[in-house]
2 protein chains.
Amino acid sequence: MEDLEQVYLSPLPDSPYVKPFRLNYTQNGKKKTWDLLEVHDSVAIIVFNVTRRVLVFVKQFRPAIYYNCVHPNDRDEDFIDTKKYPASLGIALEICAGIIDKDKPVNEIAREEVLEECGYNVELKDLHKIMSYRAGVGVQGALQTLYYCEVTDDMKTAQGGGVDDEIIEVVEKTIPQIEEMLNSPGPLASPPSCLFALMWFMHHKADKYRK
Amino acid sequence: MEDLEQVYLSPLPDSPYVKPFRLNYTQNGKKKTWDLLEVHDSVAIIVFNVTRRVLVFVKQFRPAIYYNCVHPNDRDEDFIDTKKYPASLGIALEICAGIIDKDKPVNEIAREEVLEECGYNVELKDLHKIMSYRAGVGVQGALQTLYYCEVTDDMKTAQGGGVDDEIIEVVEKTIPQIEEMLNSPGPLASPPSCLFALMWFMHHKADKYRK
């Protein structure tokens with residue numbers, strides 16, 4: 001995962017992933033504009049293995065995080081210096097998640113992500129919806145639905161790690177390790193949706209499994 | 001805030017806010033690309049008024065949320081139908097936050113945001129850093145630093161509501177109201193950074209002020 005080279009920037013061509021546009025509107029009689037991105041709704045799933053009392057995370061290289069670790073003065077070079085900025089800077093720790101890009105029920109997509117990314121074959125009844133919320137308020141306002149799912153070792157029927165070109169490592173953390181992470185000042189290479197999920201777990205579920 | 005009309009989409013011109021580009025890299029010998037946005041780092045602040053035991057929120061119209069509430073079939077019209085899609089759909093409830101676009105210490109920018117948005121004049125020593133994390137992992141990977149700040153009624157020296165063109169309403173919620181919000185299935189018009197902040201508050205601070 002951490003072998004990284006030949007990193008450089010280029011202008012955005014017509015991209016299937018990032019579709020920026022401008023929203024024009026008149027609020028309280030005043031003309032305004034706001035620049036936005038078209039993005040997919042998504043799911044995220046807290047996967048807790050009750051056999052071994054560990055939370056299941058996915059680790060992957062995230063270009064957006066890597067790029068933001070590069071000092072602005074070092075972004076204008078032809079190639080970013082991967083000795084100075086190793087790939088490890090861009091490795092994010094997240095809970096299982098995926099975009100809704102198929103015409104299927106949201107919980108079915110969540111079920112598929114748990115299998116593809118983490119290797120656990122869960123049933124729809126195992127997925128408990130916690131809440132849906134807006135993934136962002138600035139340029140992206142898509143809906144994310146968060147689930148909680150308890151799994152056992154014998155539900156692990158595949159290795160996980162993603163599909164196609166994805167390079168995803170499945171990692172596990174104990175409750176004390178999650179607590180340590182949440183008490184750290186950071187900077188954490190995790191997004192707030194993951195941190196919300198972890199705080200939710202600590203607040204509502206951890207005590208039951210701590211002993 | 002909720003008077004909205006003449007809403008339409010247009011192509012993105014050269015925008016100071018949304019600067020998309022492509023990051024090219026070779027990971028484990030395989031050439032890849034990822035489309036990204038250049039974004040600012042930011043601060044967010046949990047403001048708790050101990051005089052009246054309420055959390056201070058900001059409410060504002062967020063075009064990104066509004067747009068995502070419009071059914072894809074209704075986005076291609078010349079103008080979005082504001083009778084069918086009233087502005088209230090895009091009103092987000094958030095904690096105080098702002099981008100780091102000045103060359104100042106991060107806690108100084110947090111202090112300014114608390115004053116500008118919420119009207120409380122706090123000192124730097126009142127701002128307790130909780131954690132910094134990545135605001136996103138997809139197209140934006142900027143750093144967000146979260147603070148906790150207790151205020152009293154006599155620290156309220158201004159009305160708040162933002163500067164320049166901002167239309168921000170300051171609202172307060174009691175601890176039971178926050179609990180109700182966190183126990184709702186949604187969809188909530190709030191981002192995960194706000195929900196993480198609320199769960200953190202409920203887990204670490206609420207009991208002290210509940211009685």
# chains A, B, ... in the order shown; residues from 1 in each chain; ligands from 1
call {"tool": "closest_atom_pairs", "arguments": {"of": "chain B", "to": "chain A", "cutoff": "6 Å", "atoms": "only C-alpha atoms", "output": "JSON lines"}}
result
{"residue": "B:Asp3", "atom": "CA", "partner": "A:Asn28", "partner_atom": "CA", "distance": 5.0}
{"residue": "B:Leu4", "atom": "CA", "partner": "A:Gln27", "partner_atom": "CA", "distance": 4.7}
{"residue": "B:Glu5", "atom": "CA", "partner": "A:Thr26", "partner_atom": "CA", "distance": 5.2}
{"residue": "B:Gln6", "atom": "CA", "partner": "A:Tyr25", "partner_atom": "CA", "distance": 5.3}
{"residue": "B:Val7", "atom": "CA", "partner": "A:Tyr25", "partner_atom": "CA", "distance": 4.3}
{"residue": "B:Tyr8", "atom": "CA", "partner": "A:Asn24", "partner_atom": "CA", "distance": 5.2}
{"residue": "B:Leu9", "atom": "CA", "partner": "A:Leu23", "partner_atom": "CA", "distance": 4.7}
{"residue": "B:Ser10", "atom": "CA", "partner": "A:Arg22", "partner_atom": "CA", "distance": 5.2}
{"residue": "B:Pro11", "atom": "CA", "partner": "A:Phe21", "partner_atom": "CA", "distance": 4.9}
{"residue": "B:Leu12", "atom": "CA", "partner": "A:Phe21", "partner_atom": "CA", "distance": 4.4}
{"residue": "B:Phe21", "atom": "CA", "partner": "A:Leu12", "partner_atom": "CA", "distance": 4.4}
{"residue": "B:Arg22", "atom": "CA", "partner": "A:Ser10", "partner_atom": "CA", "distance": 5.2}
{"residue": "B:Leu23", "atom": "CA", "partner": "A:Leu9", "partner_atom": "CA", "distance": 4.7}
{"residue": "B:Asn24", "atom": "CA", "partner": "A:Tyr8", "partner_atom": "CA", "distance": 5.3}
{"residue": "B:Tyr25", "atom": "CA", "partner": "A:Val7", "partner_atom": "CA", "distance": 4.3}
{"residue": "B:Thr26", "atom": "CA", "partner": "A:Glu5", "partner_atom": "CA", "distance": 5.2}
{"residue": "B:Gln27", "atom": "CA", "partner": "A:Leu4", "partner_atom": "CA", "distance": 4.7}
{"residue": "B:Asn28", "atom": "CA", "partner": "A:Asp3", "partner_atom": "CA", "distance": 5.0}
{"residue": "B:Ala64", "atom": "CA", "partner": "A:Gly141", "partner_atom": "CA", "distance": 4.6}
{"residue": "B:Ile65", "atom": "CA", "partner": "A:Gly141", "partner_atom": "CA", "distance": 4.3}
{"residue": "B:Asn68", "atom": "CA", "partner": "A:Ala142", "partner_atom": "CA", "distance": 5.8}
{"residue": "B:Met131", "atom": "CA", "partner": "A:Pro185", "partner_atom": "CA", "distance": 4.3}
{"residue": "B:Ser132", "atom": "CA", "partner": "A:Pro187", "partner_atom": "CA", "distance": 4.7}
{"residue": "B:Tyr133", "atom": "CA", "partner": "A:Leu188", "partner_atom": "CA", "distance": 4.6}
{"residue": "B:Arg134", "atom": "CA", "partner": "A:Pro191", "partner_atom": "CA", "distance": 5.0}
{"residue": "B:Ala135", "atom": "CA", "partner": "A:Pro191", "partner_atom": "CA", "distance": 5.5}
{"residue": "B:Gly136", "atom": "CA", "partner": "A:Pro191", "partner_atom": "CA", "distance": 5.2}
{"residue": "B:Val139", "atom": "CA", "partner": "A:Ala64", "partner_atom": "CA", "distance": 5.6}
{"residue": "B:Gln140", "atom": "CA", "partner": "A:Ala64", "partner_atom": "CA", "distance": 5.4}
{"residue": "B:Gly141", "atom": "CA", "partner": "A:Ile65", "partner_atom": "CA", "distance": 4.3}
{"residue": "B:Ala142", "atom": "CA", "partner": "A:Asn68", "partner_atom": "CA", "distance": 5.8}
{"residue": "B:Pro185", "atom": "CA", "partner": "A:Met131", "partner_atom": "CA", "distance": 4.3}
{"residue": "B:Gly186", "atom": "CA", "partner": "A:Ser132", "partner_atom": "CA", "distance": 5.1}
{"residue": "B:Pro187", "atom": "CA", "partner": "A:Ser132", "partner_atom": "CA", "distance": 4.7}
{"residue": "B:Leu188", "atom": "CA", "partner": "A:Tyr133", "partner_atom": "CA", "distance": 4.6}
{"residue": "B:Ala189", "atom": "CA", "partner": "A:Arg134", "partner_atom": "CA", "distance": 5.7}
{"residue": "B:Ser190", "atom": "CA", "partner": "A:Arg134", "partner_atom": "CA", "distance": 5.6}
{"residue": "B:Pro191", "atom": "CA", "partner": "A:Arg134", "partner_atom": "CA", "distance": 5.0}
{"residue": "B:Pro192", "atom": "CA", "partner": "A:Ser193", "partner_atom": "CA", "distance": 4.9}
{"residue": "B:Ser193", "atom": "CA", "partner": "A:Pro192", "partner_atom": "CA", "distance": 4.9}
{"residue": "B:Phe196", "atom": "CA", "partner": "A:Phe196", "partner_atom": "CA", "distance": 4.0}
call {"tool": "residues_around", "arguments": {"residues": "Val170 in chain A", "least_positions_apart": "5", "cutoff": "7 Å", "atoms": "only C-alpha atoms", "output": "list in words"}}
result
Val56, Phe57, Val58, Lys59, Cys118 and Gly161 of chain A
call {"tool": "closest_residue", "arguments": {"among": "B:Lys104, B:Lys156, B:Arg210, B:Arg52", "to": "Glu179 in chain B", "atoms": "only C-alpha atoms"}}
result
B:Arg210
call {"tool": "residues_around", "arguments": {"residues": "Glu117 in chain A", "least_positions_apart": "4", "cutoff": "12 Å", "atoms": "only C-alpha atoms", "output": "count of residues only"}}
result
34
call {"tool": "atom_distance", "arguments": {"atom1": "CA of Met181 in chain A", "atom2": "CA of Lys205 in chain B"}}
result
18.5 Å
call {"tool": "select_by_dssp", "arguments": {"residues": "range 60-98 of chain B", "states": "alpha helix (DSSP H)", "output": "number ranges by chain"}}
result
B: 63-69
call {"tool": "closest_residue", "arguments": {"among": "A:Ile178, A:Leu89, A:Ile100, A:Val114", "to": "Tyr148 in chain A", "atoms": "only C-alpha atoms"}}
result
A:Val114
call {"tool": "select_by_dssp", "arguments": {"residues": "chain A", "states": "strand (DSSP E)", "output": "PyMOL selection string"}}
result
chain A and resi 4-11+19-27+30-38+42-49+54-61+91-94+96-99+127-134+143-151+169-174
call {"tool": "residues_around", "arguments": {"residues": "Arg53 in chain A", "least_positions_apart": "3", "cutoff": "7 Å", "atoms": "only C-alpha atoms", "output": "PDB file with N, CA, C and O atoms, in the first residue's frame"}}
result
ATOM      1  N   PHE A  48     -18.732  -4.219  14.457  1.00  0.00           N
ATOM      2  CA  PHE A  48     -18.121  -4.649  15.715  1.00  0.00           C
ATOM      3  C   PHE A  48     -18.133  -6.168  15.787  1.00  0.00           C
ATOM      4  O   PHE A  48     -19.190  -6.801  15.697  1.00  0.00           O
ATOM      5  N   ASN A  49     -16.946  -6.753  15.926  1.00  0.00           N
ATOM      6  CA  ASN A  49     -16.809  -8.207  16.030  1.00  0.00           C
ATOM      7  C   ASN A  49     -16.953  -8.603  17.508  1.00  0.00           C
ATOM      8  O   ASN A  49     -16.066  -8.317  18.317  1.00  0.00           O
ATOM      9  N   VAL A  50     -18.106  -9.235  17.827  1.00  0.00           N
ATOM     10  CA  VAL A  50     -18.374  -9.567  19.235  1.00  0.00           C
ATOM     11  C   VAL A  50     -17.604 -10.797  19.688  1.00  0.00           C
ATOM     12  O   VAL A  50     -17.433 -11.010  20.890  1.00  0.00           O
ATOM     13  N   THR A 174      -9.216  -2.710  19.595  1.00  0.00           N
ATOM     14  CA  THR A 174      -9.943  -3.021  20.828  1.00  0.00           C
ATOM     15  C   THR A 174     -10.587  -1.741  21.374  1.00  0.00           C
ATOM     16  O   THR A 174     -10.235  -0.635  20.949  1.00  0.00           O
ATOM     17  N   TYR A 209     -19.461  -4.359  26.379  1.00  0.00           N
ATOM     18  CA  TYR A 209     -18.433  -5.303  25.896  1.00  0.00           C
ATOM     19  C   TYR A 209     -17.074  -5.094  26.549  1.00  0.00           C
ATOM     20  O   TYR A 209     -16.109  -5.726  26.174  1.00  0.00           O
TER      21      TYR A 209
END
